[in-house]
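Enquirer: Got a structure here, written out as structure tokens. Questions coming.
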Amino acid sequence: MEKNAPVSRFGTVEVADLPDDLRERLAPVVERSGFTPNIFRALGRRPAELRAFLDYHDALMTSDDGLSRAERELVVVATSGANDCLYCVVAHGAILRLRTKEPHLADQVATNPHGCELEPRQRAIVDLALRLALHPAELGEADLQAARDAGLTDDEIWDVGSITALFAASNRLAHLFGLRPNEEFFTMGR
């Protein structure tokens, strides 16, 4: 990754230049992290799309029902690794490290999701997410039953599917944009 490469092939918009509602919505994220994640700067070129992305993202990733927040990030890292999305692996790998306090988990899941050691529940989550991400037409009742056997509820299975789907879209946008991860993400939680 070239250090002086642009953040996005299509340019970016700074938070200060976004419509009021988006500035207010992103302010807590920027304050907590100390920087603006580049995905928001890139999607800021199209405020309506940024709003829609944030709405779906927040509905899935900040819910306290079903999967834990760390398990939600586990889905993102596994599927983003499978989709070769550097931006999402780096950004969500950082969040996964912070949420789990495990400095190596994100790297292992992103690069060797089938072979890394996981707790049985984590294994079921990763396996289901990868099946949907890589072989969606083959997803069947046996996959769902394996997740249920590992203790996932139907609502949690739905979460795995929804998060996998959202980040398939996010991964494709990051590829289109040539989106460069923020430098800060690389060292968070290490």
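FYI, nothing fancy with the structure tokens labels: chains A, B, ... in order, residues from 1 per chain, ligands from 1 as they appear.
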Pick out the residues sitting within 10 Å of Glu183 (chain A), and hand them over as a ChimeraX atom specification; count only C-alpha atoms, and ignore anything fewer than 5 positions along from it in its own chain.
Expert: /A:3,35,37,90-91,188
Enquirer: Please dump the current selection as a PDB file, in the first residue's frame; keep N, CA and C atoms.
Expert:
ATOM      1  N   LYS A   3       2.049   4.787   0.680  1.00  0.00           N
ATOM      2  CA  LYS A   3       1.765   5.680   1.805  1.00  0.00           C
ATOM      3  C   LYS A   3       1.090   6.981   1.362  1.00  0.00           C
ATOM      4  N   PHE A  35     -10.022  10.279  15.099  1.00  0.00           N
ATOM      5  CA  PHE A  35      -9.857  10.466  13.657  1.00  0.00           C
ATOM      6  C   PHE A  35     -11.158  10.098  12.954  1.00  0.00           C
ATOM      7  N   PRO A  37     -12.834   7.796  10.251  1.00  0.00           N
ATOM      8  CA  PRO A  37     -12.605   6.643   9.393  1.00  0.00           C
ATOM      9  C   PRO A  37     -12.813   7.017   7.919  1.00  0.00           C
ATOM     10  N   VAL A  90      -8.641  -4.330   8.140  1.00  0.00           N
ATOM     11  CA  VAL A  90      -7.823  -3.495   9.019  1.00  0.00           C
ATOM     12  C   VAL A  90      -8.700  -2.720  10.007  1.00  0.00           C
ATOM     13  N   ALA A  91      -9.742  -2.072   9.509  1.00  0.00           N
ATOM     14  CA  ALA A  91     -10.596  -1.254  10.371  1.00  0.00           C
ATOM     15  C   ALA A  91     -11.351  -2.111  11.387  1.00  0.00           C
ATOM     16  N   MET A 188      -4.243  -0.112  16.615  1.00  0.00           N
ATOM     17  CA  MET A 188      -5.268  -0.153  17.672  1.00  0.00           C
ATOM     18  C   MET A 188      -5.408  -1.552  18.252  1.00  0.00           C
TER      19      MET A 188
END
Enquirer: From a DSSP pass on the backbone, collect the residues of chain A flagged as helix (DSSP H, G or I) and hand them back as a ChimeraX atom specification.
Expert: /A:15-17,20-33,38-43,47-61,69-82,86-100,105-111,120-134,136-138,141-149,154-177,183-187
Enquirer: Out of A:Ser80, A:Thr12, A:Asn182, A:Gln108, which residue has the shortest atom-to-atom distance to Ile163 (chain A) when counting only C-alpha atoms?
Expert: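 Smallest separation from Ile163 (chain A) among the options: A:Ser80.
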Enquirer: Using only C-alpha atoms, which residues sit within 12 Å of Met61 (chain A) once same-chain residues fewer than 6 positions away are excluded, as a PDB file with N, CA and C atoms, in the first residue's frame?
Expert:
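selection.pdb, written as the output of this step:
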ATOM      1  N   PHE A  53     -26.097   3.911   4.653  1.00  0.00           N
ATOM      2  CA  PHE A  53     -25.064   3.012   5.144  1.00  0.00           C
ATOM      3  C   PHE A  53     -25.015   3.058   6.672  1.00  0.00           C
ATOM      4  N   LEU A  54     -24.986   4.258   7.228  1.00  0.00           N
ATOM      5  CA  LEU A  54     -24.918   4.407   8.682  1.00  0.00           C
ATOM      6  C   LEU A  54     -26.144   3.816   9.359  1.00  0.00           C
ATOM      7  N   ASP A  55     -27.328   4.016   8.767  1.00  0.00           N
ATOM      8  CA  ASP A  55     -28.548   3.461   9.356  1.00  0.00           C
ATOM      9  C   ASP A  55     -28.471   1.940   9.447  1.00  0.00           C
ATOM     10  N   LEU A  67     -26.223 -11.463  18.923  1.00  0.00           N
ATOM     11  CA  LEU A  67     -24.773 -11.575  18.952  1.00  0.00           C
ATOM     12  C   LEU A  67     -24.158 -10.460  19.784  1.00  0.00           C
ATOM     13  N   SER A  68     -23.049 -10.777  20.422  1.00  0.00           N
ATOM     14  CA  SER A  68     -22.313  -9.719  21.127  1.00  0.00           C
ATOM     15  C   SER A  68     -21.685  -8.799  20.082  1.00  0.00           C
ATOM     16  N   ARG A  69     -21.265  -7.646  20.507  1.00  0.00           N
ATOM     17  CA  ARG A  69     -20.611  -6.722  19.573  1.00  0.00           C
ATOM     18  C   ARG A  69     -19.302  -7.312  19.053  1.00  0.00           C
ATOM     19  N   ALA A  70     -18.597  -8.055  19.874  1.00  0.00           N
ATOM     20  CA  ALA A  70     -17.365  -8.708  19.412  1.00  0.00           C
ATOM     21  C   ALA A  70     -17.691  -9.773  18.361  1.00  0.00           C
ATOM     22  N   GLU A  71     -18.759 -10.541  18.583  1.00  0.00           N
ATOM     23  CA  GLU A  71     -19.152 -11.559  17.597  1.00  0.00           C
ATOM     24  C   GLU A  71     -19.553 -10.915  16.276  1.00  0.00           C
ATOM     25  N   ARG A  72     -20.169  -9.755  16.324  1.00  0.00           N
ATOM     26  CA  ARG A  72     -20.534  -9.031  15.104  1.00  0.00           C
ATOM     27  C   ARG A  72     -19.270  -8.645  14.329  1.00  0.00           C
ATOM     28  N   GLU A  73     -18.264  -8.182  15.049  1.00  0.00           N
ATOM     29  CA  GLU A  73     -16.997  -7.817  14.393  1.00  0.00           C
ATOM     30  C   GLU A  73     -16.293  -9.055  13.840  1.00  0.00           C
ATOM     31  N   LEU A  74     -16.440 -10.182  14.520  1.00  0.00           N
ATOM     32  CA  LEU A  74     -15.869 -11.430  14.038  1.00  0.00           C
ATOM     33  C   LEU A  74     -16.414 -11.772  12.651  1.00  0.00           C
ATOM     34  N   VAL A  75     -17.709 -11.590  12.459  1.00  0.00           N
ATOM     35  CA  VAL A  75     -18.322 -11.821  11.143  1.00  0.00           C
ATOM     36  C   VAL A  75     -17.693 -10.907  10.100  1.00  0.00           C
ATOM     37  N   VAL A  76     -17.540  -9.633  10.437  1.00  0.00           N
ATOM     38  CA  VAL A  76     -16.993  -8.666   9.484  1.00  0.00           C
ATOM     39  C   VAL A  76     -15.562  -9.037   9.094  1.00  0.00           C
ATOM     40  N   HIS A  92     -11.987  -3.166  10.929  1.00  0.00           N
ATOM     41  CA  HIS A  92     -12.788  -3.985  11.837  1.00  0.00           C
ATOM     42  C   HIS A  92     -11.921  -4.957  12.630  1.00  0.00           C
ATOM     43  N   ILE A  95     -11.231  -2.989  15.668  1.00  0.00           N
ATOM     44  CA  ILE A  95     -12.376  -2.990  16.585  1.00  0.00           C
ATOM     45  C   ILE A  95     -12.497  -4.348  17.272  1.00  0.00           C
ATOM     46  N   LEU A  96     -12.275  -5.441  16.518  1.00  0.00           N
ATOM     47  CA  LEU A  96     -12.329  -6.770  17.119  1.00  0.00           C
ATOM     48  C   LEU A  96     -11.264  -6.921  18.199  1.00  0.00           C
ATOM     49  N   ASP A 159     -28.662 -12.328  12.252  1.00  0.00           N
ATOM     50  CA  ASP A 159     -27.613 -11.306  12.405  1.00  0.00           C
ATOM     51  C   ASP A 159     -26.381 -11.659  11.574  1.00  0.00           C
ATOM     52  N   VAL A 160     -25.933 -12.904  11.667  1.00  0.00           N
ATOM     53  CA  VAL A 160     -24.762 -13.327  10.891  1.00  0.00           C
ATOM     54  C   VAL A 160     -25.003 -13.072   9.407  1.00  0.00           C
ATOM     55  N   SER A 162     -27.226 -10.990   7.941  1.00  0.00           N
ATOM     56  CA  SER A 162     -27.374  -9.564   7.633  1.00  0.00           C
ATOM     57  C   SER A 162     -26.034  -8.844   7.633  1.00  0.00           C
ATOM     58  N   ILE A 163     -25.194  -9.159   8.609  1.00  0.00           N
ATOM     59  CA  ILE A 163     -23.877  -8.525   8.688  1.00  0.00           C
ATOM     60  C   ILE A 163     -23.019  -8.967   7.504  1.00  0.00           C
ATOM     61  N   THR A 164     -23.083 -10.244   7.164  1.00  0.00           N
ATOM     62  CA  THR A 164     -22.347 -10.746   5.998  1.00  0.00           C
ATOM     63  C   THR A 164     -22.786 -10.005   4.739  1.00  0.00           C
ATOM     64  N   LEU A 166     -24.332  -6.963   4.467  1.00  0.00           N
ATOM     65  CA  LEU A 166     -23.955  -5.549   4.494  1.00  0.00           C
ATOM     66  C   LEU A 166     -22.482  -5.389   4.148  1.00  0.00           C
ATOM     67  N   PHE A 167     -21.642  -6.238   4.720  1.00  0.00           N
ATOM     68  CA  PHE A 167     -20.217  -6.060   4.485  1.00  0.00           C
ATOM     69  C   PHE A 167     -19.773  -6.604   3.135  1.00  0.00           C
TER      70      PHE A 167
END
Enquirer: Taking only C-alpha atoms into account, which of A:Phe186, A:Tyr87, A:Phe177, A:Tyr56 comes nearest Phe10 (chain A)?
Expert: A:Phe177
Enquirer: Residues at most 7 Å from Ile125 (chain A), counting only C-alpha atoms, excluding those fewer than 3 positions away in the same chain, as a list in words?
Expert: Val75, Arg121, Gln122, Leu128, Ala129, Ala147 and Val160 of chain A
Enquirer: Keeping C-alpha atoms, export the residues of the selection given above as an mmCIF file, in the first residue's frame.
Expert:
data_model
loop_
_atom_site.group_PDB
_atom_site.id
_atom_site.type_symbol
_atom_site.label_atom_id
_atom_site.label_comp_id
_atom_site.auth_asym_id
_atom_site.auth_seq_id
_atom_site.Cartn_x
_atom_site.Cartn_y
_atom_site.Cartn_z
ATOM 1 C CA VAL A 75 -18.322 -11.821 11.143
ATOM 2 C CA ARG A 121 -19.716 -20.697 19.175
ATOM 3 C CA GLN A 122 -17.176 -18.500 17.345
ATOM 4 C CA LEU A 128 -21.913 -19.761 8.701
ATOM 5 C CA ALA A 129 -20.691 -16.312 7.624
ATOM 6 C CA ALA A 147 -25.217 -22.996 13.976
ATOM 7 C CA VAL A 160 -24.762 -13.327 10.891
#
Enquirer: To one decimal in Å, tell me the separation between CA of Cys88 (chain A) and CA of Asn171 (chain A).
Expert: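 Between CA of Cys88 (chain A) and CA of Asn171 (chain A) the gap is 6.8 Å.
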Enquirer: Would you mind telling me which residue in A:His104, A:Arg41, A:Arg32, A:Arg25 lies nearest to Arg180 (chain A) when using only C-alpha atoms?
Expert: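 Closest residue, counting only C-alpha atoms: A:Arg41.
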Enquirer: Name the closest residue to Trp158 (chain A) among the candidates A:Ala52, A:Val126, A:Leu60, A:Val15; distances are taken between atoms, counting only C-alpha atoms.
Expert: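 Smallest distance to Trp158 (chain A) is found for A:Leu60.
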